[in-house]
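Content type mmCIF, C-alpha atoms, from the file run_36.cif:
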data_model
loop_
_atom_site.label_atom_id
_atom_site.label_comp_id
_atom_site.auth_asym_id
_atom_site.auth_seq_id
_atom_site.Cartn_x
_atom_site.Cartn_y
_atom_site.Cartn_z
CA MET A 1 60.49 -14.93 64.01
CA GLU A 2 60.76 -18.66 63.69
CA TRP A 3 63.97 -20.39 62.71
CA PHE A 4 64.37 -23.78 61.00
CA LEU A 5 60.76 -24.62 60.37
CA ASN A 6 60.02 -28.04 59.04
CA GLU A 7 58.02 -26.46 56.27
CA PHE A 8 58.61 -26.05 52.58
CA GLU A 9 57.78 -23.37 50.09
CA ALA A 10 55.59 -24.13 47.13
CA PHE A 11 57.41 -26.06 44.43
CA VAL A 12 56.51 -23.47 41.82
CA GLY A 13 56.32 -20.13 43.50
CA VAL A 14 57.94 -16.77 43.82
CA ASN A 15 59.51 -15.47 47.00
CA LEU A 16 60.39 -11.81 46.68
CA TRP A 17 63.07 -12.10 49.35
CA THR A 18 64.78 -14.85 47.39
CA MET A 19 64.60 -12.70 44.28
CA LEU A 20 66.17 -9.84 46.17
CA PHE A 21 68.90 -12.17 47.41
CA ALA A 22 69.42 -13.44 43.87
CA TRP A 23 69.85 -9.89 42.59
CA VAL A 24 72.19 -8.85 45.37
CA ASN A 25 74.25 -12.01 44.97
CA LEU A 26 74.39 -11.58 41.21
CA LEU A 27 75.52 -7.98 41.59
CA ILE A 28 78.17 -8.82 44.20
CA LEU A 29 79.35 -11.80 42.19
CA TYR A 30 79.47 -9.68 39.03
CA LEU A 31 81.55 -6.96 40.67
CA PHE A 32 83.93 -9.40 42.32
CA LEU A 33 84.35 -11.73 39.35
CA LYS A 34 84.89 -8.80 37.01
CA LYS A 35 87.61 -7.44 39.24
CA LEU A 36 89.10 -10.73 40.39
CA LEU A 37 88.61 -13.10 37.47
CA PHE A 38 87.67 -11.69 34.09
CA LYS A 39 89.60 -8.44 34.01
CA PRO A 40 92.98 -9.77 35.19
CA LEU A 41 92.79 -12.82 32.96
CA LYS A 42 91.64 -10.81 29.95
CA ASP A 43 94.36 -8.22 30.58
CA MET A 44 96.92 -11.00 30.83
CA ILE A 45 95.73 -12.59 27.58
CA ASP A 46 95.69 -9.23 25.82
CA SER A 47 99.11 -8.19 27.07
CA ARG A 48 100.59 -11.54 26.04
CA GLN A 49 98.92 -11.24 22.66
CA LYS A 50 100.32 -7.74 22.32
CA GLU A 51 103.76 -8.94 23.29
CA ILE A 52 103.62 -11.66 20.66
CA ASP A 53 102.37 -9.22 18.04
CA ASP A 54 105.14 -6.78 18.95
CA MET A 55 107.71 -9.54 18.70
CA TYR A 56 106.53 -10.56 15.27
CA GLU A 57 106.44 -6.95 14.16
CA ASP A 58 109.93 -6.43 15.54
CA ALA A 59 111.22 -9.49 13.75
CA GLU A 60 109.60 -8.37 10.53
CA SER A 61 111.05 -4.88 10.77
CA SER A 62 114.51 -6.19 11.63
CA LYS A 63 114.30 -8.51 8.66
CA THR A 64 113.47 -5.65 6.31
CA LYS A 65 116.15 -3.53 7.89
CA ALA A 66 118.71 -6.28 7.47
CA ALA A 67 117.77 -6.71 3.83
CA GLU A 68 118.09 -2.96 3.31
CA LEU A 69 121.47 -2.93 5.01
CA LYS A 70 122.60 -5.87 2.93
CA CYS A 71 121.63 -4.05 -0.24
CA GLU A 72 123.41 -0.95 0.97
CA TYR A 73 126.58 -2.84 1.84
CA GLU A 74 126.63 -4.67 -1.44
CA GLU A 75 126.35 -1.39 -3.23
CA LYS A 76 129.08 0.06 -1.07
CA LEU A 77 131.27 -2.95 -1.72
CA GLU A 78 130.84 -2.59 -5.44
CA HIS A 79 131.64 1.07 -5.08
CA ALA A 80 134.71 0.24 -3.02
CA ASN A 81 135.99 -2.04 -5.76
CA GLU A 82 135.60 0.71 -8.30
CA GLU A 83 137.20 3.16 -5.97
CA SER A 84 140.20 0.95 -5.30
CA GLU A 85 140.68 0.40 -9.01
CA GLU A 86 140.53 4.12 -9.51
CA ILE A 87 143.07 4.69 -6.77
CA LEU A 88 145.34 2.07 -8.27
CA ARG A 89 145.04 3.62 -11.70
CA THR A 90 145.84 7.05 -10.40
CA ALA A 91 148.78 5.74 -8.43
CA VAL A 92 150.16 3.94 -11.47
CA ARG A 93 149.74 7.03 -13.61
CA ARG A 94 151.38 9.20 -11.02
CA ALA A 95 154.22 6.73 -10.67
CA GLN A 96 154.72 6.69 -14.40
CA LEU A 97 154.80 10.47 -14.50
CA LYS A 98 157.25 10.54 -11.66
CA GLU A 99 159.40 7.96 -13.37
CA GLU A 100 159.51 9.97 -16.57
CA GLU A 101 160.30 13.10 -14.65
CA ILE A 102 163.11 11.45 -12.76
CA LEU A 103 164.52 10.03 -15.94
CA ARG A 104 164.34 13.38 -17.66
CA ASP A 105 165.99 15.05 -14.70
CA ALA A 106 168.75 12.46 -14.64
CA ASN A 107 169.35 12.86 -18.34
CA ASP A 108 169.45 16.62 -18.04
CA LYS A 109 171.79 16.41 -15.12
CA ALA A 110 174.10 14.05 -16.94
CA ALA A 111 174.09 16.21 -20.03
CA ARG A 112 174.87 19.29 -18.00
CA THR A 113 177.68 17.54 -16.18
CA VAL A 114 179.22 16.40 -19.43
CA GLU A 115 178.94 19.90 -20.85
CA ARG A 116 180.52 21.42 -17.79
CA ALA A 117 183.32 18.89 -17.99
CA HIS A 118 183.88 19.80 -21.62
CA GLU A 119 184.02 23.49 -20.75
CA GLN A 120 186.43 22.81 -17.94
CA VAL A 121 188.62 20.74 -20.19
CA GLU A 122 188.58 23.55 -22.77
CA LEU A 123 189.49 26.12 -20.18
CA GLU A 124 192.26 23.96 -18.81
CA LYS A 125 193.56 23.44 -22.30
CA LYS A 126 193.64 27.15 -22.94
CA ARG A 127 195.32 27.81 -19.64
CA ILE A 128 197.93 25.14 -20.24
CA ILE A 129 198.55 26.45 -23.77
CA ASN A 130 199.02 29.94 -22.41
CA GLU A 131 201.40 28.69 -19.76
CA VAL A 132 203.33 26.69 -22.23
CA LYS A 133 203.44 29.70 -24.55
CA ASN A 134 204.81 31.89 -21.78
CA GLU A 135 207.40 29.33 -20.81
CA VAL A 136 208.41 28.71 -24.37
CA SER A 137 208.69 32.43 -25.09
CA GLY A 138 210.86 32.82 -21.96
CA MET A 139 212.96 29.92 -22.99
CA ALA A 140 213.27 31.30 -26.54
CA ILE A 141 214.33 34.62 -25.25
CA GLY A 142 216.93 32.91 -23.06
CA ILE A 143 218.19 30.88 -25.91
CA ALA A 144 218.18 33.79 -28.26
CA ALA A 145 220.04 35.91 -25.71
CA ALA A 146 222.58 33.20 -25.32
CA VAL A 147 222.89 32.92 -29.06
CA ILE A 148 223.30 36.58 -29.80
CA GLU A 149 225.02 37.14 -26.50
CA ARG A 150 223.16 40.07 -25.78
CA ASP A 151 220.43 40.76 -23.51
CA VAL A 152 217.27 40.55 -25.22
CA SER A 153 214.80 42.81 -23.58
CA GLU A 154 211.77 40.89 -22.85
CA SER A 155 209.53 43.89 -23.10
CA GLU A 156 211.01 44.97 -26.36
CA HIS A 157 210.75 41.63 -28.12
CA LYS A 158 207.77 40.19 -26.52
CA GLU A 159 205.62 41.02 -29.45
CA LEU A 160 207.97 39.36 -31.85
CA ILE A 161 208.20 36.15 -29.85
CA ASP A 162 204.60 35.85 -29.31
CA SER A 163 203.81 36.10 -32.96
CA PHE A 164 206.43 33.42 -33.52
CA ILE A 165 204.96 31.04 -31.02
CA ASP A 166 201.57 31.67 -32.41
CA THR A 167 202.75 30.62 -35.82
CA ILE A 168 204.15 27.41 -34.25
CA GLY A 169 201.01 26.77 -32.34
CA GLU A 170 198.92 27.24 -35.37
CA SER A 171 200.92 24.91 -37.39
CA ASP A 172 200.81 22.52 -34.44
CA ASP A 173 197.08 22.55 -34.09
CA MET B 1 56.91 -45.21 50.55
CA ASP B 2 56.50 -41.46 50.75
CA LEU B 3 57.62 -39.32 47.89
CA SER B 4 57.03 -35.62 48.20
CA VAL B 5 57.92 -32.89 45.80
CA ASN B 6 58.77 -29.81 47.81
CA GLY B 7 60.03 -26.34 47.25
CA PRO B 8 62.98 -25.01 49.24
CA LYS B 9 62.89 -25.50 52.95
CA ILE B 10 62.01 -22.42 54.95
CA ILE B 11 64.74 -21.45 57.37
CA LEU B 12 63.48 -18.14 58.69
CA ARG B 13 59.89 -17.00 58.81
CA VAL B 14 58.90 -13.55 60.04
CA LYS B 15 55.48 -14.07 61.57
CA LYS B 16 54.18 -10.54 61.04
CA LEU B 17 55.22 -10.50 57.38
CA TYR B 18 53.84 -14.00 56.87
CA ASP B 19 50.50 -13.06 58.35
CA ALA B 20 50.33 -9.95 56.19
CA PHE B 21 51.68 -11.16 52.84
CA GLY B 22 51.84 -14.94 53.00
CA ASN B 23 54.59 -16.94 51.33
CA ILE B 24 55.58 -14.22 48.87
CA LEU B 25 57.14 -11.99 51.52
CA GLY B 26 56.85 -13.98 54.73
CA ASN B 27 59.96 -16.17 54.49
CA PRO B 28 63.14 -14.09 54.11
CA ILE B 29 65.58 -16.99 54.34
CA THR B 30 65.17 -20.35 52.66
CA GLN B 31 67.42 -23.16 51.48
CA THR B 32 67.84 -21.27 48.23
CA THR B 33 69.20 -18.22 50.03
CA VAL B 34 71.82 -20.33 51.75
CA SER B 35 72.85 -21.89 48.43
CA LEU B 36 73.04 -18.47 46.77
CA VAL B 37 75.38 -17.17 49.45
CA ILE B 38 77.53 -20.28 49.29
CA VAL B 39 77.79 -20.07 45.50
CA THR B 40 78.70 -16.39 45.63
CA VAL B 41 81.31 -16.78 48.35
CA GLY B 42 82.70 -19.94 46.80
CA LEU B 43 83.09 -18.38 43.37
CA ILE B 44 84.73 -15.28 44.79
CA ILE B 45 87.22 -17.35 46.78
CA LEU B 46 87.88 -19.59 43.78
CA SER B 47 88.47 -16.67 41.44
CA TYR B 48 90.77 -15.09 44.03
CA PHE B 49 92.91 -18.20 44.09
CA VAL B 50 92.86 -18.60 40.32
CA THR B 51 94.12 -15.08 39.63
CA ARG B 52 96.26 -14.64 42.74
CA LYS B 53 99.53 -14.98 40.88
CA LEU B 54 99.12 -14.54 37.17
CA THR B 55 102.25 -14.82 35.07
CA LYS B 56 103.17 -14.25 31.45
CA ARG B 57 104.16 -17.90 31.31
CA PRO B 58 101.05 -19.50 32.74
CA GLY B 59 100.81 -22.49 35.02
CA ARG B 60 98.33 -25.29 34.41
CA LEU B 61 95.50 -23.62 36.29
CA GLN B 62 96.04 -20.32 34.54
CA VAL B 63 96.03 -22.00 31.13
CA VAL B 64 92.63 -23.54 31.83
CA ALA B 65 91.25 -20.29 33.24
CA GLU B 66 92.56 -18.29 30.28
CA LYS B 67 91.12 -20.84 27.86
CA LEU B 68 87.71 -20.49 29.46
CA VAL B 69 87.85 -16.70 29.53
CA ASN B 70 88.94 -16.71 25.91
CA MET B 71 86.00 -18.95 25.04
CA LEU B 72 83.64 -16.61 26.89
CA TYR B 73 84.95 -13.52 25.11
CA GLY B 74 84.93 -15.36 21.79
CA MET B 75 81.32 -16.36 22.31
CA VAL B 76 80.29 -12.84 23.30
CA ARG B 77 82.15 -11.47 20.27
CA ASP B 78 80.42 -13.93 17.94
CA THR B 79 76.92 -13.38 19.32
CA MET B 80 76.93 -9.72 20.31
CA GLY B 81 79.72 -8.22 18.26
CA GLU B 82 83.08 -6.66 19.03
CA HIS B 83 81.51 -3.47 20.39
CA ASN B 84 79.60 -5.40 23.09
CA LEU B 85 82.59 -7.09 24.71
CA LYS B 86 81.91 -5.06 27.85
CA PHE B 87 79.02 -7.42 28.58
CA ALA B 88 81.29 -10.46 28.72
CA PRO B 89 81.97 -10.29 32.48
CA TYR B 90 78.23 -10.19 33.19
CA ILE B 91 77.54 -13.12 30.87
CA GLY B 92 80.36 -15.05 32.51
CA THR B 93 78.98 -14.27 35.96
CA LEU B 94 75.53 -15.38 34.90
CA PHE B 95 76.86 -18.60 33.42
CA LEU B 96 78.97 -19.43 36.47
CA SER B 97 76.14 -18.60 38.91
CA SER B 98 73.80 -20.76 36.94
CA ILE B 99 75.99 -23.81 36.50
CA VAL B 100 77.47 -23.75 39.99
CA GLY B 101 74.01 -23.03 41.41
CA THR B 102 72.68 -26.09 39.61
CA LEU B 103 75.56 -28.36 40.53
CA ILE B 104 75.45 -27.44 44.21
CA GLY B 105 72.24 -29.50 44.30
CA THR B 106 74.18 -32.67 43.58
CA THR B 107 75.73 -32.42 47.02
CA GLN B 108 72.27 -33.37 48.42
CA ILE B 109 73.12 -31.06 51.32
CA PHE B 110 72.24 -27.81 49.59
CA ARG B 111 69.40 -27.19 47.20
CA SER B 112 70.09 -26.02 43.64
CA THR B 113 69.56 -22.29 43.46
CA THR B 114 68.14 -22.66 39.97
CA ALA B 115 65.54 -25.16 41.21
CA ASP B 116 63.80 -22.11 42.69
CA LEU B 117 61.69 -20.08 40.31
CA SER B 118 62.46 -16.91 42.27
CA VAL B 119 66.13 -17.08 41.27
CA THR B 120 65.68 -17.77 37.57
CA ALA B 121 62.92 -15.15 37.46
CA ALA B 122 65.23 -12.62 39.08
CA TRP B 123 67.92 -13.31 36.48
CA ALA B 124 65.43 -13.19 33.61
CA ILE B 125 64.15 -9.85 34.89
CA VAL B 126 67.72 -8.53 34.91
CA THR B 127 68.10 -9.62 31.28
CA THR B 128 64.86 -7.92 30.29
CA GLY B 129 65.84 -4.83 32.21
CA MET B 130 69.15 -4.70 30.34
CA VAL B 131 67.34 -5.12 27.02
CA TRP B 132 64.89 -2.33 27.76
CA TYR B 133 67.54 -0.01 29.19
CA ASN B 134 69.80 -0.44 26.19
CA ASN B 135 66.95 -0.12 23.72
CA ILE B 136 65.89 3.17 25.27
CA LYS B 137 69.48 4.37 25.54
CA ASN B 138 70.36 3.49 21.96
CA PHE B 139 67.13 4.21 20.09
CA GLY B 140 65.28 6.59 22.39
CA PHE B 141 62.15 6.08 24.44
CA GLY B 142 59.78 7.03 21.62
CA ALA B 143 61.41 4.75 19.10
CA TRP B 144 61.35 1.90 21.61
CA LEU B 145 57.62 2.35 22.26
CA LYS B 146 57.01 2.72 18.54
CA GLY B 147 58.80 -0.59 17.99
CA PHE B 148 55.84 -2.36 19.62
CA THR B 149 53.50 -1.22 16.86
CA GLU B 150 55.61 -2.77 14.13
CA PRO B 151 55.17 -4.18 11.56
CA ILE B 152 51.48 -3.11 11.89
CA VAL B 153 49.53 -1.51 14.71
CA VAL B 154 47.29 -4.56 15.15
CA MET B 155 50.34 -6.51 16.31
CA THR B 156 50.84 -4.29 19.36
CA PRO B 157 49.23 -6.64 21.94
CA MET B 158 51.14 -9.57 20.50
CA ASN B 159 54.39 -7.68 20.71
CA ILE B 160 53.73 -6.73 24.31
CA VAL B 161 52.88 -10.30 25.20
CA SER B 162 56.01 -11.60 23.50
CA GLU B 163 58.11 -9.01 25.29
CA ILE B 164 56.77 -10.28 28.60
CA ALA B 165 56.89 -13.89 27.47
CA ASN B 166 60.65 -13.70 26.90
CA PRO B 167 61.68 -13.43 30.55
CA VAL B 168 58.87 -15.69 31.68
CA SER B 169 59.92 -18.44 29.28
CA MET B 170 63.59 -17.99 30.18
CA ALA B 171 62.83 -18.25 33.89
CA PHE B 172 60.52 -21.23 33.56
CA ARG B 173 62.77 -23.09 31.13
CA HIS B 174 65.74 -22.93 33.42
CA PHE B 175 63.76 -23.59 36.57
CA GLY B 176 61.76 -26.37 34.97
CA ASN B 177 64.79 -28.24 33.70
CA VAL B 178 66.67 -28.18 36.96
CA ALA B 179 63.69 -28.72 39.23
CA GLY B 180 62.35 -31.39 36.90
CA GLY B 181 65.72 -33.10 37.00
CA SER B 182 65.69 -33.14 40.78
CA VAL B 183 62.13 -34.46 40.84
CA LEU B 184 63.13 -37.17 38.41
CA THR B 185 66.09 -38.08 40.54
CA ALA B 186 63.84 -38.33 43.58
CA LEU B 187 61.42 -40.50 41.62
CA ILE B 188 64.20 -42.78 40.49
CA TYR B 189 65.50 -43.14 44.02
CA GLY B 190 61.98 -44.06 45.10
CA ALA B 191 61.60 -46.50 42.25
CA LEU B 192 64.93 -48.15 42.97
CA ALA B 193 63.94 -48.54 46.64
CA ALA B 194 60.68 -50.13 45.54
CA VAL B 195 62.53 -52.50 43.20
CA THR B 196 64.86 -53.50 46.00
CA HIS B 197 61.88 -54.20 48.21
CA ALA B 198 60.14 -56.22 45.54
CA ILE B 199 63.16 -58.40 44.79
CA PHE B 200 64.00 -59.07 48.41
CA SER B 201 60.41 -59.54 49.55
CA TRP B 202 61.14 -63.16 50.45
CA LEU B 203 63.19 -61.94 53.43
CA PRO B 204 61.53 -61.90 56.83
CA GLU B 205 59.58 -58.78 57.62
CA THR B 206 61.92 -57.61 60.38
CA ILE B 207 65.02 -57.77 58.21
CA LEU B 208 63.27 -56.17 55.25
CA ALA B 209 62.41 -53.16 57.37
CA VAL B 210 66.08 -52.28 57.87
CA PHE B 211 67.34 -53.74 54.58
CA PRO B 212 69.29 -51.12 52.58
CA PRO B 213 67.89 -50.15 49.15
CA LEU B 214 70.76 -51.81 47.29
CA PHE B 215 69.85 -50.57 43.84
CA GLN B 216 70.17 -46.97 44.94
CA ILE B 217 73.92 -47.48 44.98
CA GLY B 218 75.60 -46.44 41.77
CA ILE B 219 72.69 -46.41 39.34
CA PRO B 220 71.49 -42.85 40.08
CA ALA B 221 75.01 -41.56 39.43
CA PHE B 222 74.70 -42.25 35.72
CA LEU B 223 71.34 -40.51 35.52
CA SER B 224 72.82 -37.65 37.47
CA ILE B 225 75.42 -37.18 34.73
CA TYR B 226 72.60 -36.33 32.37
CA PHE B 227 70.09 -34.60 34.64
CA ASP B 228 72.55 -32.55 36.66
CA LEU B 229 75.80 -32.16 34.76
CA PHE B 230 74.60 -32.08 31.16
CA SER B 231 71.26 -30.42 31.77
CA GLY B 232 72.81 -27.91 34.14
CA PHE B 233 75.44 -27.02 31.59
CA VAL B 234 72.97 -26.76 28.74
CA GLN B 235 70.56 -24.62 30.73
CA ALA B 236 73.32 -22.28 31.88
CA LEU B 237 74.47 -22.01 28.27
CA VAL B 238 70.94 -21.42 26.97
CA PHE B 239 70.22 -18.78 29.58
CA SER B 240 73.50 -16.97 28.86
CA LEU B 241 73.04 -17.29 25.11
CA LEU B 242 69.50 -15.90 25.22
CA THR B 243 70.71 -13.02 27.37
CA MET B 244 73.49 -12.37 24.83
CA VAL B 245 71.08 -12.48 21.90
CA TYR B 246 68.45 -10.24 23.49
CA VAL B 247 70.91 -7.67 24.85
CA GLY B 248 72.97 -7.84 21.66
CA GLY B 249 69.84 -7.05 19.67
CA ALA B 250 69.33 -3.94 21.78
CA CYS B 251 72.97 -2.88 21.23
CA PRO B 252 73.64 -2.76 17.49
CA PRO B 253 77.08 -1.73 16.22
CA PRO B 254 77.71 2.02 16.62
CA GLU B 255 77.61 2.61 12.86
CA GLU B 256 74.08 1.17 12.64
CA LEU B 257 72.72 3.44 15.34
CA PRO B 258 70.50 6.36 14.39
CA VAL B 259 72.43 9.63 14.53
CA ARG B 260 69.81 10.99 16.92
CA ASP B 261 71.49 11.19 20.31
CA LYS B 262 75.10 12.10 20.46
CA LYS B 263 74.84 12.62 24.19
CA ALA B 264 74.10 9.00 24.93
CA LYS B 265 76.97 7.91 22.74
CA ASN B 266 79.38 10.25 24.43
CA GLU B 267 78.43 8.88 27.79
CA ASP B 268 79.43 5.44 26.66
#

Let me see the file written as structure tokens.
Amino acid sequence: MEWFLNEFEAFVGVNLWTMLFAWVNLLILYLFLKKLLFKPLKDMIDSRQKEIDDMYEDAESSKTKAAELKCEYEEKLEHANEESEEILRTAVRRAQLKEEEILRDANDKAARTVERAHEQVELEKKRIINEVKNEVSGMAIGIAAAVIERDVSESEHKELIDSFIDTIGESDD
Amino acid sequence: MDLSVNGPKIILRVKKLYDAFGNILGNPITQTTVSLVIVTVGLIILSYFVTRKLTKRPGRLQVVAEKLVNMLYGMVRDTMGEHNLKFAPYIGTLFLSSIVGTLIGTTQIFRSTTADLSVTAAWAIVTTGMVWYNNIKNFGFGAWLKGFTEPIVVMTPMNIVSEIANPVSMAFRHFGNVAGGSVLTALIYGALAAVTHAIFSWLPETILAVFPPLFQIGIPAFLSIYFDLFSGFVQALVFSLLTMVYVGGACPPPEELPVRDKKAKNED
């Protein structure tokens, strides 16, 4: 073996060893560059691209979702208005009914009270009339006894006196 | 003035091999080998540092790297189709090996790897191998052989020649451009030295012998922009593009494939 000859190969020529070296170097370079350079960079580019695509897709979907929600809420709002009106109407109607009922009740009560008062007055009147009758009949008997100087038996003449008073009362009424 | 156009310098020669097979197998290590190893190691280290800390919010370096990778994948997608994106790392490797291998020659310390026919031939053979492999895998061995007899049987020799001419032309195109560029650069350096000599010939002989070739300063740099940077870029692009086109032709979209072999498709 001779190292570092001062000789040159032919300018146009093929050296099989050099070819073999070229192949081996190309293979090694291919394997290393694929693993070290192309694959990581390509993966990075792809993943970034994917991220961007995802972001845009996300934004798009949120936009549609928001629009849907908006629609939904508007509908709900409209519904709510209707509902509140309905509630108000019902409340007013109920209040009116209640009012009428209360009024009717009050009227009834008042009427009944007046009636009862009338009855009571009537009863009182009767009682007082009876009392007065009794007293007057007693008095009459007393007077009569004094006049005729004789005991007038109350039990005997009761009937007579009563009929007398009655005639007075009637004429009085 | 001596101007010699040489191939790569021989670094290691195995006497027994050299005696038996001559230059083809006798010199395992040459300048080209050294450059190949440097390019490979350099690119691996560079790619390690580029992708060491990738983030979702990229730094300046990552932006550039991602831009380039995006361009690569876009180009592969445009030329070969969406279904062939798996070839993108190989195309990128080929492109980087080629352009860095060419540009390493501008250091004047190392020789361009692509200025050696062995290297470009090796790459072209890989391309052809990929084309044949994919043709046979996708269409079947019989259909591939039958393809040579189309459109008519008389064309068979032509087709075979063109099939072999593809890698040969690829290899020679790339090699020729880069090697030719380096030869031209050497010629220009020589010419500029001669011009210097001619203009300063009135100086005494003793001074002229050690007088620096003034015109060699600066002027070759502009030519280098074309012959090394531009040409190197174009040749790397052409080589990668041709590889994409040939391999892409052997890998049509899945829906255009004949229904023939489901097994091969499942393996994919």

- Message: Within 8 Å of chain A, which residues belong to chain B? Use only C-alpha atoms and report them as a ChimeraX atom specification.
- Response: /B:5-15,23-25,27-30,32-33,36-37,40,43-44,47-48,50-51,54-56,65-66,69-70,89-90,93-94,97,116-119,121-123

With 6 Å on each side, where is the centre of the axis-aligned box around all listed atoms of stretch 94-102 of chain A, and how long are its edges in Å to one decimal, as JSON?
{"center_x": 157.2, "center_y": 9.9, "center_z": -13.6, "size_x": 23.7, "size_y": 18.4, "size_z": 17.9}

- Query: Skipping near chain neighbours, those fewer than 3 positions away, what residues fall within 8 Å of B:Leu72 using all atoms listed in the file, listed as a PyMOL selection string?
  - Reply: chain B and resi 68-69+75-76+88+92

Compile the contact shell of B:Phe227 as a PDB file with C-alpha atoms, keeping the file's coordinate frame: residues with an atom at most 8 Å away, counting all atoms listed in the file, same-chain residues fewer than 3 positions apart removed.
ATOM      1  CA  VAL B 178      66.670 -28.180  36.960  1.00  0.00           C
ATOM      2  CA  GLY B 181      65.720 -33.100  37.000  1.00  0.00           C
ATOM      3  CA  SER B 182      65.690 -33.140  40.780  1.00  0.00           C
ATOM      4  CA  THR B 185      66.090 -38.080  40.540  1.00  0.00           C
ATOM      5  CA  LEU B 223      71.340 -40.510  35.520  1.00  0.00           C
ATOM      6  CA  SER B 224      72.820 -37.650  37.470  1.00  0.00           C
ATOM      7  CA  PHE B 230      74.600 -32.080  31.160  1.00  0.00           C
ATOM      8  CA  SER B 231      71.260 -30.420  31.770  1.00  0.00           C
ATOM      9  CA  GLY B 232      72.810 -27.910  34.140  1.00  0.00           C
TER      10      GLY B 232
END

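One distance worth recording is that between atom CA of A:Ile141 and atom CA of A:Glu124, which is 25.3 Å.
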
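Reported to one decimal place, the separation of atom CA of B:Thr106 from atom CA of B:His197 is 25.2 Å.
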
Once N, CA and C atoms are restored for stretch 77-90 of chain A, what would the output be as a tab-separated table (two decimals), keeping the file's coordinate frame?
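Below is the file that was written, part.tsv:
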chain	number	residue	atom	x	y	z
A	77	LEU	N	130.15	-2.08	-1.38
A	77	LEU	CA	131.27	-2.95	-1.72
A	77	LEU	C	131.65	-2.78	-3.19
A	78	GLU	N	130.61	-2.77	-4.02
A	78	GLU	CA	130.84	-2.59	-5.44
A	78	GLU	C	131.56	-1.26	-5.69
A	79	HIS	N	131.07	-0.27	-5.01
A	79	HIS	CA	131.64	1.07	-5.08
A	79	HIS	C	133.10	1.05	-4.66
A	80	ALA	N	133.35	0.30	-3.57
A	80	ALA	CA	134.71	0.24	-3.02
A	80	ALA	C	135.66	-0.38	-4.05
A	81	ASN	N	135.17	-1.44	-4.72
A	81	ASN	CA	135.99	-2.04	-5.76
A	81	ASN	C	136.38	-1.02	-6.82
A	82	GLU	N	135.35	-0.31	-7.28
A	82	GLU	CA	135.60	0.71	-8.30
A	82	GLU	C	136.61	1.73	-7.80
A	83	GLU	N	136.36	2.12	-6.55
A	83	GLU	CA	137.20	3.16	-5.97
A	83	GLU	C	138.66	2.71	-5.91
A	84	SER	N	138.82	1.44	-5.44
A	84	SER	CA	140.20	0.95	-5.30
A	84	SER	C	140.89	0.87	-6.66
A	85	GLU	N	140.11	0.45	-7.66
A	85	GLU	CA	140.68	0.40	-9.01
A	85	GLU	C	141.13	1.79	-9.46
A	86	GLU	N	140.25	2.73	-9.14
A	86	GLU	CA	140.53	4.12	-9.51
A	86	GLU	C	141.83	4.60	-8.86
A	87	ILE	N	141.88	4.27	-7.53
A	87	ILE	CA	143.07	4.69	-6.77
A	87	ILE	C	144.32	4.09	-7.38
A	88	LEU	N	144.19	2.78	-7.70
A	88	LEU	CA	145.34	2.07	-8.27
A	88	LEU	C	145.77	2.73	-9.58
A	89	ARG	N	144.73	3.00	-10.41
A	89	ARG	CA	145.04	3.62	-11.70
A	89	ARG	C	145.76	4.94	-11.53
A	90	THR	N	145.23	5.75	-10.63
A	90	THR	CA	145.84	7.05	-10.40
A	90	THR	C	147.27	6.90	-9.93
